[in-house]
Amino acid sequence: MTSYTDVVVIGGGQAGLAAGYHLRRLGVDFVVLDAQSTPGGAWQQTWDSLHLFSPASYSSLPGWLMPAQAGETYPDAAHVVTYLSEYEKRYELPVQRPVRVGGVHRDGQAHLRVETDAGSWRARAVISATGTWWRPFLPTVPGRFDGRQLHTIDYRSPRDFAGQRVVVVGGGNSGAQIAADLAYDADLTWVTQRPPRYLADDIDGRALFDAATARRRALEEGRPDTGGVASLGDIVAVPPVREVRGRGLLKASPMFNRLVPDGIQWADGSAAQADAIIWCTGFRPALSHLAPLGLRGTRGHIPTDGTRALGEPRLHLLGYGDWTGPASATLIGVGRPARDAAREIRALLA
Ligand code: FAD
């Protein structure tokens, strides 16, 4: 069966919903297709203790401020899922789920064809907002480890590792937070490529957003690059990280250079035994559904001007990282590029 609409938004996480909000405001006919059975995107999948690194008011999509969570300065992931569910209802966004998009194809001059496990859609434009959670990145490390190996996406709770020797790899927010989560229950080795770079304790996601905004303004106005968020550090010292670090339980070791059957080994021959290794080594954009369009650039990205794909003006990419708009991979940051994408699409349709 083939359905028709002006715009298909692929992905019903925060980026897809922000796009839907602006398309609706502009009176554009659209549908959102989401592979999950329930609302909330990747926030449904994270570990139990995850909290945002910004207060609710700094974690809001366009139109409606996230309500504060009682008793929490930094809302937890369940609160974000509730907010996104309510957001969908509040703006009556036409989200269909579970619908998984397998491929986007050119269909003549005027249309793109979106093939899914629930039929095809013909549309005049597509916004891809599928996130990164679904494409975990694992580095290649020589050797062999016979224990359990997991990625950030598989980690849920320290209860699963009580009394075990666990190596956590990664010096970003996920690595630091998961290491802190495990510090009391497991025998922890935390490994980072370079010494951890914490943001100052009194700085949270608000400062990251302000830095990203300052950088965007500087570049737009032709002033020198301010360096954006990277200049501040890698790890937001959220309260649980601060607490564990303060107790001296969050010591980082340098990156090891090979896996051995019972653990890890450094270049000097020293080793640590492990029952499990948790790779907190990041993500890549989940773009395999766009492969039929043949647009791939370097590092798994697609070359864009703002959110618009350079090789296919009917396609916009939203929420994947700074390459699709400053801070676009955050709740507060995705609203602006979503608005710009919706405006460009309305102009294209006209
Ligand atoms: P997602 O939430 O992943 O949503 C994409 C949706 O698309 C999903 O529902 C998925 O099922 C669907 N999809 C994927 N492929 C297909 C397909 N082929 N067909 C149909 N549907 C598909 N941001 C903040 O603002 N504050 C924070 O404190 C914060 N903390 C974070 C902590 C961690 C550990 C991580 C990983 C990220 C954090 N972020 C934070 C960043 C960001 O807000 C999230 O990654 C966010 O989930 C990205 O939203 P999204 O809509 O782009 O993608």
# chains A, B, ... in the order shown; residues from 1 in each chain; ligands from 1
>>> residues_near_ligand(ligand="ligand 1", cutoff="7 Å", atoms="only C-alpha atoms and all ligand atoms", output="PyMOL selection string")
chain A and resi 10-16+33-36+40-43+46+51-54+59+99-102+129-134+173-174+205+286+289+318-320+329-332
>>> select_by_dssp(residues="segment 76-197 of chain A", states="strand (DSSP E or B)", output="mmCIF file with N, CA and C atoms, in the first residue's frame")
data_model
loop_
_atom_site.group_PDB
_atom_site.id
_atom_site.type_symbol
_atom_site.label_atom_id
_atom_site.label_comp_id
_atom_site.auth_asym_id
_atom_site.auth_seq_id
_atom_site.Cartn_x
_atom_site.Cartn_y
_atom_site.Cartn_z
ATOM 1 N N ASP A 76 15.204 13.005 35.595
ATOM 2 C CA ASP A 76 15.714 11.705 35.144
ATOM 3 C C ASP A 76 15.123 11.354 33.770
ATOM 4 N N VAL A 95 2.073 10.776 14.819
ATOM 5 C CA VAL A 95 3.181 9.814 14.878
ATOM 6 C C VAL A 95 2.610 8.416 14.679
ATOM 7 N N GLN A 96 3.199 7.658 13.775
ATOM 8 C CA GLN A 96 2.774 6.271 13.559
ATOM 9 C C GLN A 96 3.873 5.354 14.075
ATOM 10 N N VAL A 101 11.553 2.482 8.939
ATOM 11 C CA VAL A 101 11.898 2.846 7.567
ATOM 12 C C VAL A 101 13.110 2.038 7.131
ATOM 13 N N GLY A 102 12.961 1.334 6.018
ATOM 14 C CA GLY A 102 14.073 0.544 5.498
ATOM 15 C C GLY A 102 14.902 1.314 4.485
ATOM 16 N N GLY A 103 14.266 2.189 3.701
ATOM 17 C CA GLY A 103 15.022 2.914 2.680
ATOM 18 C C GLY A 103 14.257 4.109 2.149
ATOM 19 N N VAL A 104 15.023 5.156 1.768
ATOM 20 C CA VAL A 104 14.449 6.336 1.112
ATOM 21 C C VAL A 104 15.014 6.372 -0.309
ATOM 22 N N HIS A 105 14.114 6.466 -1.301
ATOM 23 C CA HIS A 105 14.518 6.373 -2.708
ATOM 24 C C HIS A 105 14.016 7.597 -3.463
ATOM 25 N N ARG A 106 14.747 7.976 -4.513
ATOM 26 C CA ARG A 106 14.237 9.017 -5.406
ATOM 27 C C ARG A 106 13.129 8.396 -6.249
ATOM 28 N N ASP A 107 12.062 9.166 -6.434
ATOM 29 C CA ASP A 107 10.907 8.650 -7.163
ATOM 30 C C ASP A 107 10.476 9.742 -8.138
ATOM 31 N N HIS A 111 9.162 13.495 -6.190
ATOM 32 C CA HIS A 111 8.907 12.749 -4.954
ATOM 33 C C HIS A 111 10.105 11.955 -4.452
ATOM 34 N N LEU A 112 10.047 11.700 -3.134
ATOM 35 C CA LEU A 112 10.895 10.686 -2.518
ATOM 36 C C LEU A 112 9.949 9.571 -2.067
ATOM 37 N N ARG A 113 10.425 8.334 -2.174
ATOM 38 C CA ARG A 113 9.600 7.193 -1.736
ATOM 39 C C ARG A 113 10.224 6.607 -0.473
ATOM 40 N N VAL A 114 9.421 6.492 0.561
ATOM 41 C CA VAL A 114 9.912 6.008 1.851
ATOM 42 C C VAL A 114 9.356 4.606 2.051
ATOM 43 N N GLU A 115 10.247 3.608 2.000
ATOM 44 C CA GLU A 115 9.815 2.212 2.145
ATOM 45 C C GLU A 115 9.908 1.810 3.609
ATOM 46 N N THR A 116 8.832 1.222 4.136
ATOM 47 C CA THR A 116 8.816 0.834 5.548
ATOM 48 C C THR A 116 8.279 -0.589 5.689
ATOM 49 N N ASP A 117 8.320 -1.090 6.927
ATOM 50 C CA ASP A 117 7.748 -2.411 7.179
ATOM 51 C C ASP A 117 6.224 -2.345 7.293
ATOM 52 N N GLY A 119 4.385 -0.557 4.694
ATOM 53 C CA GLY A 119 3.988 0.042 3.418
ATOM 54 C C GLY A 119 4.896 1.200 3.010
ATOM 55 N N SER A 120 4.521 1.861 1.870
ATOM 56 C CA SER A 120 5.350 2.950 1.322
ATOM 57 C C SER A 120 4.641 4.291 1.490
ATOM 58 N N TRP A 121 5.452 5.341 1.604
ATOM 59 C CA TRP A 121 4.924 6.710 1.575
ATOM 60 C C TRP A 121 5.575 7.441 0.413
ATOM 61 N N ARG A 122 4.793 8.207 -0.348
ATOM 62 C CA ARG A 122 5.391 9.121 -1.328
ATOM 63 C C ARG A 122 5.291 10.513 -0.749
ATOM 64 N N ALA A 123 6.427 11.219 -0.735
ATOM 65 C CA ALA A 123 6.463 12.536 -0.095
ATOM 66 C C ALA A 123 7.278 13.478 -0.952
ATOM 67 N N ALA A 125 9.136 15.850 0.500
ATOM 68 C CA ALA A 125 10.363 16.098 1.276
ATOM 69 C C ALA A 125 10.421 15.124 2.445
ATOM 70 N N VAL A 126 11.631 14.896 2.945
ATOM 71 C CA VAL A 126 11.844 13.983 4.069
ATOM 72 C C VAL A 126 12.750 14.674 5.087
ATOM 73 N N ILE A 127 12.399 14.540 6.369
ATOM 74 C CA ILE A 127 13.318 14.941 7.441
ATOM 75 C C ILE A 127 13.758 13.668 8.140
ATOM 76 N N SER A 128 15.042 13.409 8.135
ATOM 77 C CA SER A 128 15.563 12.239 8.838
ATOM 78 C C SER A 128 15.993 12.667 10.238
ATOM 79 N N PRO A 136 25.753 2.130 17.913
ATOM 80 C CA PRO A 136 26.881 2.251 18.838
ATOM 81 C C PRO A 136 28.208 2.075 18.124
ATOM 82 N N GLY A 143 43.718 -8.268 20.094
ATOM 83 C CA GLY A 143 43.637 -9.273 21.147
ATOM 84 C C GLY A 143 42.242 -9.843 21.284
ATOM 85 N N ARG A 148 32.476 -10.766 29.347
ATOM 86 C CA ARG A 148 31.313 -10.086 28.756
ATOM 87 C C ARG A 148 31.711 -8.728 28.206
ATOM 88 N N GLN A 149 31.262 -8.394 27.013
ATOM 89 C CA GLN A 149 31.520 -7.057 26.469
ATOM 90 C C GLN A 149 30.187 -6.385 26.178
ATOM 91 N N LEU A 150 30.084 -5.143 26.636
ATOM 92 C CA LEU A 150 28.841 -4.394 26.443
ATOM 93 C C LEU A 150 29.181 -2.999 25.925
ATOM 94 N N HIS A 151 28.182 -2.329 25.417
ATOM 95 C CA HIS A 151 28.308 -0.917 25.054
ATOM 96 C C HIS A 151 27.391 -0.118 25.982
ATOM 97 N N ARG A 165 34.596 -7.633 38.523
ATOM 98 C CA ARG A 165 35.660 -6.733 38.065
ATOM 99 C C ARG A 165 35.218 -6.163 36.713
ATOM 100 N N VAL A 166 35.045 -4.841 36.677
ATOM 101 C CA VAL A 166 34.491 -4.224 35.474
ATOM 102 C C VAL A 166 35.445 -3.146 34.963
ATOM 103 N N VAL A 167 35.747 -3.196 33.662
ATOM 104 C CA VAL A 167 36.514 -2.132 33.015
ATOM 105 C C VAL A 167 35.529 -1.253 32.254
ATOM 106 N N VAL A 168 35.521 0.047 32.554
ATOM 107 C CA VAL A 168 34.703 1.004 31.803
ATOM 108 C C VAL A 168 35.652 1.803 30.918
ATOM 109 N N VAL A 169 35.383 1.829 29.625
ATOM 110 C CA VAL A 169 36.256 2.518 28.671
ATOM 111 C C VAL A 169 35.556 3.772 28.164
ATOM 112 N N ASP A 187 34.266 -3.841 41.264
ATOM 113 C CA ASP A 187 35.706 -3.580 41.337
ATOM 114 C C ASP A 187 36.057 -2.897 40.008
ATOM 115 N N LEU A 188 36.150 -1.568 40.077
ATOM 116 C CA LEU A 188 36.140 -0.752 38.856
ATOM 117 C C LEU A 188 37.532 -0.378 38.365
ATOM 118 N N THR A 189 37.751 -0.530 37.051
ATOM 119 C CA THR A 189 38.897 0.097 36.383
ATOM 120 C C THR A 189 38.316 1.012 35.314
ATOM 121 N N TRP A 190 38.596 2.312 35.432
ATOM 122 C CA TRP A 190 38.071 3.276 34.451
ATOM 123 C C TRP A 190 39.231 3.703 33.553
ATOM 124 N N VAL A 191 39.052 3.533 32.266
ATOM 125 C CA VAL A 191 40.124 3.765 31.299
ATOM 126 C C VAL A 191 39.714 4.889 30.354
ATOM 127 N N THR A 192 40.595 5.886 30.205
ATOM 128 C CA THR A 192 40.279 6.995 29.293
ATOM 129 C C THR A 192 41.489 7.283 28.395
#
>>> select_by_dssp(residues="segment 94-193 of chain A", states="helix (DSSP H, G or I)", output="PyMOL selection string")
chain A and resi 152-154+158-161+173-182
>>> residues_around(residues="Gln45 of chain A", least_positions_apart="5", cutoff="9 Å", atoms="only C-alpha atoms", output="ChimeraX atom specification")
/A:77,133,153-154,156
>>> closest_residue(among="A:Gly108, A:Pro62, A:Gly175, A:Pro285", to="Pro337 of chain A", atoms="only C-alpha atoms")
A:Pro62
>>> closest_residue(among="A:Gly170, A:Phe209, A:Leu310, A:Asp6", to="Pro139 of chain A", atoms="only C-alpha atoms")
A:Gly170
>>> closest_residue(among="A:Thr281, A:Ser270, A:Gln44, A:Ser157", to="Leu138 of chain A", atoms="only C-alpha atoms")
A:Thr281
>>> atom_distance(atom1="atom CA of Val244 of chain A", atom2="atom CA of Val80 of chain A")
24.8 Å
>>> residues_around(residues="Tyr87 of chain A", least_positions_apart="2", cutoff="12 Å", atoms="only C-alpha atoms", output="count of residues only")
31
>>> atom_distance(atom1="atom CA of Gly263 of chain A", atom2="atom CA of Pro142 of chain A")
12.4 Å
>>> residues_around(residues="Arg194 of chain A", least_positions_apart="5", cutoff="9 Å", atoms="only C-alpha atoms", output="ChimeraX atom specification")
/A:171,252-255
>>> atom_distance(atom1="atom CA of Arg216 of chain A", atom2="atom CA of Asp322 of chain A")
10.1 Å
>>> closest_residue(among="A:Gly163, A:Pro158, A:Gly325, A:Gly294", to="Arg308 of chain A", atoms="only C-alpha atoms")
A:Gly325
